[in-house]
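> Okay, so here is target35.pdb, and as you'll see once you scroll down, it has PDB, C-alpha atoms.
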```
ATOM      1  CA  MET U   1      95.785-128.588-106.100
ATOM      2  CA  ASN U   2      92.887-131.026-106.528
ATOM      3  CA  PRO U   3      89.696-129.982-108.399
ATOM      4  CA  THR U   4      87.700-129.396-105.212
ATOM      5  CA  GLU U   5      90.371-127.085-103.788
ATOM      6  CA  LEU U   6      90.753-125.300-107.129
ATOM      7  CA  LYS U   7      87.028-124.685-107.419
ATOM      8  CA  ALA U   8      86.811-123.325-103.869
ATOM      9  CA  ALA U   9      89.840-121.061-104.374
ATOM     10  CA  ILE U  10      88.495-119.637-107.647
ATOM     11  CA  GLU U  11      85.114-118.964-106.077
ATOM     12  CA  ALA U  12      86.744-117.184-103.121
ATOM     13  CA  ILE U  13      88.918-115.022-105.381
ATOM     14  CA  ILE U  14      86.034-113.950-107.603
ATOM     15  CA  TYR U  15      83.892-113.164-104.576
ATOM     16  CA  ALA U  16      86.598-111.111-102.860
ATOM     17  CA  ALA U  17      87.852-109.212-105.918
ATOM     18  CA  ASP U  18      86.862-105.541-106.172
ATOM     19  CA  GLU U  19      87.000-105.780-109.973
ATOM     20  CA  PRO U  20      86.311-108.704-112.344
ATOM     21  CA  ALA U  21      89.156-111.224-111.989
ATOM     22  CA  THR U  22      90.603-112.618-115.213
ATOM     23  CA  ALA U  23      91.452-116.284-115.723
ATOM     24  CA  GLN U  24      95.098-115.285-116.211
ATOM     25  CA  GLN U  25      95.202-113.436-112.880
ATOM     26  CA  ILE U  26      93.620-116.359-111.049
ATOM     27  CA  ALA U  27      95.948-118.888-112.684
ATOM     28  CA  ARG U  28      99.011-116.825-111.774
ATOM     29  CA  VAL U  29      98.021-116.493-108.113
ATOM     30  CA  LEU U  30      97.076-120.170-107.749
ATOM     31  CA  GLU U  31     100.100-121.310-109.770
ATOM     32  CA  VAL U  32      98.092-123.472-112.132
ATOM     33  CA  GLU U  33      97.559-123.493-115.888
ATOM     34  CA  LYS U  34      95.160-120.917-117.289
ATOM     35  CA  SER U  35      93.367-123.718-119.175
ATOM     36  CA  ALA U  36      92.604-125.438-115.846
ATOM     37  CA  VAL U  37      91.087-122.229-114.467
ATOM     38  CA  THR U  38      89.041-121.646-117.617
ATOM     39  CA  ALA U  39      87.718-125.209-117.592
ATOM     40  CA  MET U  40      86.760-124.935-113.923
ATOM     41  CA  LEU U  41      85.064-121.580-114.522
ATOM     42  CA  ASP U  42      82.991-123.139-117.320
ATOM     43  CA  GLU U  43      81.958-125.898-114.928
ATOM     44  CA  MET U  44      81.073-123.385-112.207
ATOM     45  CA  ILE U  45      79.062-121.236-114.627
ATOM     46  CA  ALA U  46      77.047-124.290-115.652
ATOM     47  CA  ALA U  47      76.477-125.272-112.005
ATOM     48  CA  CYS U  48      75.107-121.799-111.225
ATOM     49  CA  ALA U  49      72.612-121.981-114.098
ATOM     50  CA  THR U  50      70.099-124.021-112.093
ATOM     51  CA  ASP U  51      66.966-122.285-110.784
ATOM     52  CA  GLU U  52      67.808-122.923-107.146
ATOM     53  CA  ARG U  53      70.869-120.645-107.360
ATOM     54  CA  GLY U  54      70.317-116.917-106.866
ATOM     55  CA  VAL U  55      73.751-115.920-108.150
ATOM     56  CA  GLU U  56      75.811-116.698-111.219
ATOM     57  CA  ILE U  57      79.382-116.299-112.392
ATOM     58  CA  ARG U  58      79.319-113.798-115.224
ATOM     59  CA  LYS U  59      81.986-112.563-117.613
ATOM     60  CA  VAL U  60      82.207-108.791-117.239
ATOM     61  CA  ALA U  61      84.789-106.302-118.597
ATOM     62  CA  GLY U  62      87.167-109.117-119.615
ATOM     63  CA  GLY U  63      87.078-110.903-116.259
ATOM     64  CA  TYR U  64      84.720-112.874-114.033
ATOM     65  CA  ARG U  65      82.545-111.789-111.146
ATOM     66  CA  ILE U  66      79.744-113.218-109.035
ATOM     67  CA  ALA U  67      76.462-111.467-109.779
ATOM     68  CA  THR U  68      72.810-111.853-108.950
ATOM     69  CA  LYS U  69      70.604-113.401-111.611
ATOM     70  CA  PRO U  70      68.440-111.054-113.706
ATOM     71  CA  HIS U  71      65.110-112.346-112.381
ATOM     72  CA  HIS U  72      66.189-111.365-108.848
ATOM     73  CA  HIS U  73      67.293-107.846-109.823
ATOM     74  CA  ASP U  74      64.087-106.135-108.719
ATOM     75  CA  ALA U  75      64.321-107.608-105.219
ATOM     76  CA  VAL U  76      68.036-106.840-104.931
ATOM     77  CA  ARG U  77      67.554-103.314-106.302
ATOM     78  CA  ARG U  78      64.840-102.577-103.751
ATOM     79  CA  PHE U  79      67.111-103.824-100.976
ATOM     80  CA  ILE U  80      70.121-101.770-102.144
ATOM     81  CA  LYS U  81      67.997 -98.656-102.590
ATOM     82  CA  SER U  82      66.785 -99.079 -99.017
ATOM     83  CA  LEU U  83      70.406 -98.800 -97.836
ATOM     84  CA  GLN U  84      71.713 -95.844 -99.857
ATOM     85  CA  ALA U  85      70.702 -93.330-102.470
ATOM     86  CA  PRO U  86      71.344 -94.354-106.103
ATOM     87  CA  LEU U  87      73.830 -92.620-108.359
ATOM     88  CA  ARG U  88      71.918 -89.789-109.978
ATOM     89  CA  LEU U  89      72.282 -88.449-113.506
ATOM     90  CA  THR U  90      70.462 -85.582-115.140
ATOM     91  CA  LEU U  91      68.618 -86.312-118.370
ATOM     92  CA  PRO U  92      71.261 -84.399-120.408
ATOM     93  CA  ALA U  93      73.995 -86.473-118.724
ATOM     94  CA  LEU U  94      72.166 -89.721-119.497
ATOM     95  CA  GLU U  95      71.673 -88.664-123.130
ATOM     96  CA  THR U  96      75.338 -87.665-123.448
ATOM     97  CA  LEU U  97      76.407 -90.989-121.947
ATOM     98  CA  ALA U  98      74.317 -92.765-124.597
ATOM     99  CA  VAL U  99      75.996 -90.753-127.373
ATOM    100  CA  ILE U 100      79.444 -91.646-126.059
ATOM    101  CA  ALA U 101      78.525 -95.325-125.583
ATOM    102  CA  TYR U 102      77.301 -95.724-129.171
ATOM    103  CA  LYS U 103      79.736 -93.390-130.973
ATOM    104  CA  GLN U 104      82.946 -93.899-128.995
ATOM    105  CA  PRO U 105      85.580 -92.675-129.163
ATOM    106  CA  VAL U 106      83.990 -89.280-129.673
ATOM    107  CA  THR U 107      84.925 -85.618-129.111
ATOM    108  CA  VAL U 108      82.936 -82.879-127.383
ATOM    109  CA  PRO U 109      82.282 -81.042-130.707
ATOM    110  CA  GLU U 110      80.912 -84.284-132.182
ATOM    111  CA  ILE U 111      78.686 -84.807-129.143
ATOM    112  CA  GLN U 112      77.442 -81.234-129.411
ATOM    113  CA  ASP U 113      76.678 -81.699-133.133
ATOM    114  CA  ILE U 114      74.461 -84.667-132.221
ATOM    115  CA  ARG U 115      72.780 -83.175-129.145
ATOM    116  CA  GLY U 116      72.700 -79.548-130.282
ATOM    117  CA  VAL U 117      73.775 -78.122-126.910
ATOM    118  CA  ASN U 118      76.975 -77.384-125.010
ATOM    119  CA  ALA U 119      78.168 -80.663-123.481
ATOM    120  CA  ALA U 120      81.263 -79.517-121.563
ATOM    121  CA  GLY U 121      79.584 -79.450-118.143
ATOM    122  CA  VAL U 122      77.916 -82.819-118.667
ATOM    123  CA  ILE U 123      81.213 -84.383-119.781
ATOM    124  CA  GLN U 124      82.827 -83.272-116.521
ATOM    125  CA  THR U 125      79.948 -84.807-114.563
ATOM    126  CA  LEU U 126      80.404 -88.152-116.316
ATOM    127  CA  LEU U 127      84.176 -87.999-115.729
ATOM    128  CA  ASP U 128      83.627 -87.267-112.036
ATOM    129  CA  LYS U 129      81.278 -90.251-111.774
ATOM    130  CA  LYS U 130      83.899 -92.406-113.565
ATOM    131  CA  LEU U 131      81.443 -93.512-116.250
ATOM    132  CA  ILE U 132      83.713 -92.221-119.042
ATOM    133  CA  VAL U 133      87.464 -91.703-119.524
ATOM    134  CA  THR U 134      89.655 -89.862-121.996
ATOM    135  CA  ALA U 135      90.964 -91.823-124.981
ATOM    136  CA  GLY U 136      93.692 -89.629-126.433
ATOM    137  CA  ARG U 137      93.210 -86.848-128.973
ATOM    138  CA  LYS U 138      91.722 -86.876-132.449
ATOM    139  CA  GLN U 139      94.242 -86.107-135.163
ATOM    140  CA  VAL U 140      92.422 -83.101-136.629
ATOM    141  CA  VAL U 141      92.827 -79.347-136.301
ATOM    142  CA  GLY U 142      92.796 -78.424-132.613
ATOM    143  CA  ARG U 143      93.363 -82.082-131.587
ATOM    144  CA  PRO U 144      90.203 -82.330-129.427
ATOM    145  CA  ILE U 145      90.100 -84.888-126.611
ATOM    146  CA  LEU U 146      88.373 -88.198-127.349
ATOM    147  CA  TYR U 147      86.087 -89.818-124.789
ATOM    148  CA  ARG U 148      84.943 -93.403-124.320
ATOM    149  CA  THR U 149      83.060 -95.380-121.691
ATOM    150  CA  SER U 150      85.059 -96.758-118.753
ATOM    151  CA  LYS U 151      85.412-100.141-117.089
ATOM    152  CA  ASP U 152      83.161 -98.772-114.336
ATOM    153  CA  PHE U 153      80.517 -98.196-117.028
ATOM    154  CA  LEU U 154      80.773-101.848-118.121
ATOM    155  CA  MET U 155      80.602-103.037-114.530
ATOM    156  CA  ARG U 156      77.625-100.835-113.642
ATOM    157  CA  PHE U 157      75.623-102.055-116.631
ATOM    158  CA  GLY U 158      76.800-105.673-116.407
ATOM    159  CA  LEU U 159      78.448-105.746-119.828
ATOM    160  CA  ASN U 160      81.571-107.635-120.892
ATOM    161  CA  ASP U 161      82.382-105.114-123.624
ATOM    162  CA  VAL U 162      80.645-102.450-125.711
ATOM    163  CA  ASP U 163      79.770-105.020-128.382
ATOM    164  CA  GLU U 164      77.112-106.250-125.935
ATOM    165  CA  LEU U 165      75.299-102.902-125.898
ATOM    166  CA  PRO U 166      71.605-103.397-126.678
ATOM    167  CA  SER U 167      69.466-101.166-128.879
ATOM    168  CA  LEU U 168      69.312 -97.513-127.862
ATOM    169  CA  LYS U 169      65.797 -97.892-126.430
ATOM    170  CA  GLU U 170      66.856-100.949-124.441
ATOM    171  CA  PHE U 171      69.949 -99.068-123.236
ATOM    172  CA  GLU U 172      67.814 -96.221-121.894
ATOM    173  CA  GLU U 173      65.672 -98.740-120.000
ATOM    174  CA  LEU U 174      68.805-100.522-118.768
ATOM    175  CA  ALA U 175      70.300 -97.212-117.641
ATOM    176  CA  ARG U 176      67.240 -96.302-115.622
ATOM    177  CA  ALA U 177      67.232 -99.753-114.026
ATOM    178  CA  ALA U 178      70.966 -99.818-113.274
ATOM    179  CA  LEU U 179      71.029 -96.288-111.874
ATOM    180  CA  GLY U 180      67.747 -96.594-109.988
ATOM    181  CA  ALA U 181      64.188 -95.939-111.105
ATOM    182  CA  ASP U 182      64.365 -92.361-109.840
ATOM    183  CA  ALA U 183      67.976 -91.775-110.877
ATOM    184  CA  VAL U 184      67.184 -89.280-113.637
ATOM    185  CA  GLU U 185      66.812 -85.926-111.942
ATOM    186  CA  GLU U 186      66.178 -82.399-113.119
ATOM    187  CA  ALA U 187      69.002 -80.721-115.005
ATOM    188  CA  ALA U 188      71.485 -78.729-112.982
ATOM    189  CA  PRO U 189      71.936 -75.006-113.728
ATOM    190  CA  GLY U 190      73.496 -74.592-117.155
ATOM    191  CA  GLU U 191      72.291 -77.961-118.443
ATOM    192  CA  ASN U 192      69.573 -77.936-121.092
ATOM    193  CA  SER U 193      66.991 -80.605-120.290
ATOM    194  CA  GLN U 194      64.799 -79.763-123.278
ATOM    195  CA  ASP U 195      67.130 -80.875-126.062
ATOM    196  CA  ALA U 196      66.158 -83.843-128.206
ATOM    197  CA  SER U 197      67.245 -87.327-127.232
ATOM    198  CA  PRO U 198      70.231 -88.700-129.187
ATOM    199  CA  GLY U 199      68.034 -91.245-130.907
ATOM    200  CA  ALA U 200      65.910 -88.474-132.422
ATOM    201  CA  ALA U 201      68.726 -86.214-133.522
ATOM    202  CA  PRO U 202      70.101 -86.389-137.069
ATOM    203  CA  GLY U 203      73.186 -88.536-137.057
ATOM    204  CA  GLY U 204      72.308 -89.938-133.600
ATOM    205  CA  PRO U 205      73.667 -93.247-132.263
ATOM    206  CA  ALA U 206      72.981 -96.381-134.270
ATOM    207  CA  ALA U 207      71.333 -99.402-132.671
ATOM    208  CA  LYS U 208      74.747-101.021-132.256
ATOM    209  CA  PRO U 209      78.219 -99.539-131.582
ATOM    210  CA  ALA U 210      80.504 -98.961-134.537
ATOM    211  CA  GLY U 211      83.474-100.888-133.105
ATOM    212  CA  ALA U 212      78.054-100.972-117.405
ATOM    213  CA  ALA U 213      75.067-102.247-109.328
ATOM    214  CA  GLU U 214      74.791 -99.976-107.069
TER     215      GLU U 214
END
```
Once you've parsed the file, please lay out its structure as structure tokens.

Amino acid sequence: MNPTELKAAIEAIIYAADEPATAQQIARVLEVEKSAVTAMLDEMIAACATDERGVEIRKVAGGYRIATKPHHHDAVRRFIKSLQAPLRLTLPALETLAVIAYKQPVTVPEIQDIRGVNAAGVIQTLLDKKLIVTAGRKQVVGRPILYRTSKDFLMRFGLNDVDELPSLKEFEELARAALGADAVEEAAPGENSQDASPGAAPGGPAAKPAGAAE
């Protein structure tokens, strides 16, 4: 396969893939060396960096995907919002998601110690929306379930891994942007919307993790 054909094939695969495609996956399908795919991806990333391109190839969740450039996000977000309603989270759910993102893996009792309220209902909401997943059980009395953010979380927020999480304040702004400006709605029955934000609570998330467009 000549370079022109390789470049076109890689671009087509990344565009068509539902999830970020890894260099190894692409190399296996195209029957070429992984190093050739990686080198071509580097070349393609550089080519997309010019101002006349509205999209870029970005490394997300361990793979590659085609994404719009940040300075076009407002226009794209307005267009997407005109087509369908954004994913909505209550304020308690957003705060709990922040706790999990910055403290993961973490148990429900640990989340409740930070937030000061019952988090069971909010945890189920985040599981249903596929923003978090279970991560085994903590080896303590009772062996509570551990939770961590999911690949869908990384994809929604445009992150390659949790090491790229910004400061807590920046994360809250990013969350509102990624989920839609009006995505934070009133708490559902049984959810306490008056509890303190995780950043204000004693022992709340640090600015960086200890270890995301609709």
> Taking the point (83.0, -123.4, -109.4) as given in the file, collect each protein or nucleic acid residue that comes within 12 Å of it, counting all atoms listed in the file, and present the set as a PyMOL selection string.
chain U and resi 3-15+36-49+55-58+64-66
> Which polymer residues have any atom within 12 Å of an atom of Ser35 of chain U, counting all atoms listed in the file, with same-chain residues fewer than 6 positions away left out, as number ranges by chain?
U: 23-24, 26-28, 41-42
> Translate the PyMOL selection byres ((chain U and resi 104) around 8) into a concrete residue list for this structure, as a ChimeraX atom specification.
/U:99-103,105-106,147-149,209-210
> Using only C-alpha atoms, which protein or nucleic acid residues come within 12 Å of Val140 of chain U? Drop anything in the same chain fewer than 5 positions from it, and give the result as a ChimeraX atom specification.
/U:107,109,145-146
> Take the residues from that selection and put them in a file with C-alpha atoms, as a CSV table (one decimal), in the frame of the given file.

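See result_25.csv below for the written result:
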```csv
chain,number,residue,atom,x,y,z
U,107,THR,CA,84.9,-85.6,-129.1
U,109,PRO,CA,82.3,-81.0,-130.7
U,145,ILE,CA,90.1,-84.9,-126.6
U,146,LEU,CA,88.4,-88.2,-127.3
```
> So which one's closest to Asp128 of chain U, U:Ala21, U:Val76, U:Ala93, U:Ala16? Using only C-alpha atoms, please.
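Smallest distance to Asp128 of chain U is found for U:Ala93.
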> Using all atoms listed in the file, which residues sit within 9 Å of Lys59 of chain U once same-chain residues fewer than 6 positions away are excluded, as JSON, numbers by chain?
{"U": [20, 22, 65, 66, 158, 159, 160]}
> Closest to Glu172 of chain U among U:Ser82, U:Thr96, U:Thr50, U:Thr125, using all atoms listed in the file?
U:Thr96
> Just give me the residues with any atom within 12 Å of (66.9, -115.6, -115.2), file coordinates, counting all atoms listed in the file, written as an MDAnalysis selection string.
chainID U and resid 48:56 67:74
> Enclose segment 121-134 of chain U, meaning all of its atoms listed in the file, in a box aligned along x, y and z, pad it by 4 Å on each side, and list the centre and edge lengths in Å to one decimal, as lines of an AutoDock Vina configuration file.

```
center_x = 83.8
center_y = -86.5
center_z = -116.9
size_x = 19.7
size_y = 22.1
size_z = 18.2
```
> Using the chain letters and numbers from the file, which residues does the PyMOL selection byres ((chain U and resi 129) around 10) grab, as a ChimeraX atom specification?
/U:87-89,123-128,130-132,152-153
> What lies within 8 Å of Pro144 of chain U using all atoms listed in the file, ignoring chain neighbours under 5 positions off, as a list in words?
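Contacts, in chain order: Thr107, Val108, Arg137, Lys138 and Gln139 of chain U.
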> For the selection just defined, write its residues with C-alpha atoms to a file, as an mmCIF file, in the frame of the given file.

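Dumped everything to part_30.cif:
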```cif
data_model
loop_
_atom_site.group_PDB
_atom_site.id
_atom_site.type_symbol
_atom_site.label_atom_id
_atom_site.label_comp_id
_atom_site.auth_asym_id
_atom_site.auth_seq_id
_atom_site.Cartn_x
_atom_site.Cartn_y
_atom_site.Cartn_z
ATOM 1 C CA THR U 107 84.925 -85.618 -129.111
ATOM 2 C CA VAL U 108 82.936 -82.879 -127.383
ATOM 3 C CA ARG U 137 93.210 -86.848 -128.973
ATOM 4 C CA LYS U 138 91.722 -86.876 -132.449
ATOM 5 C CA GLN U 139 94.242 -86.107 -135.163
#
```
> Looking at U:Asn118, U:Val32, U:Gly62, U:Gln25, which one is nearest to Asp161 of chain U, with distances taken over all atoms listed in the file?
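For Asp161 of chain U, the nearest of the given residues is U:Gly62.
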> If I take atom CA of Val162 of chain U and atom CA of Glu33 of chain U, how far is one from the other in Å, to one decimal?
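Between atom CA of Val162 of chain U and atom CA of Glu33 of chain U the gap works out to 28.7 Å.
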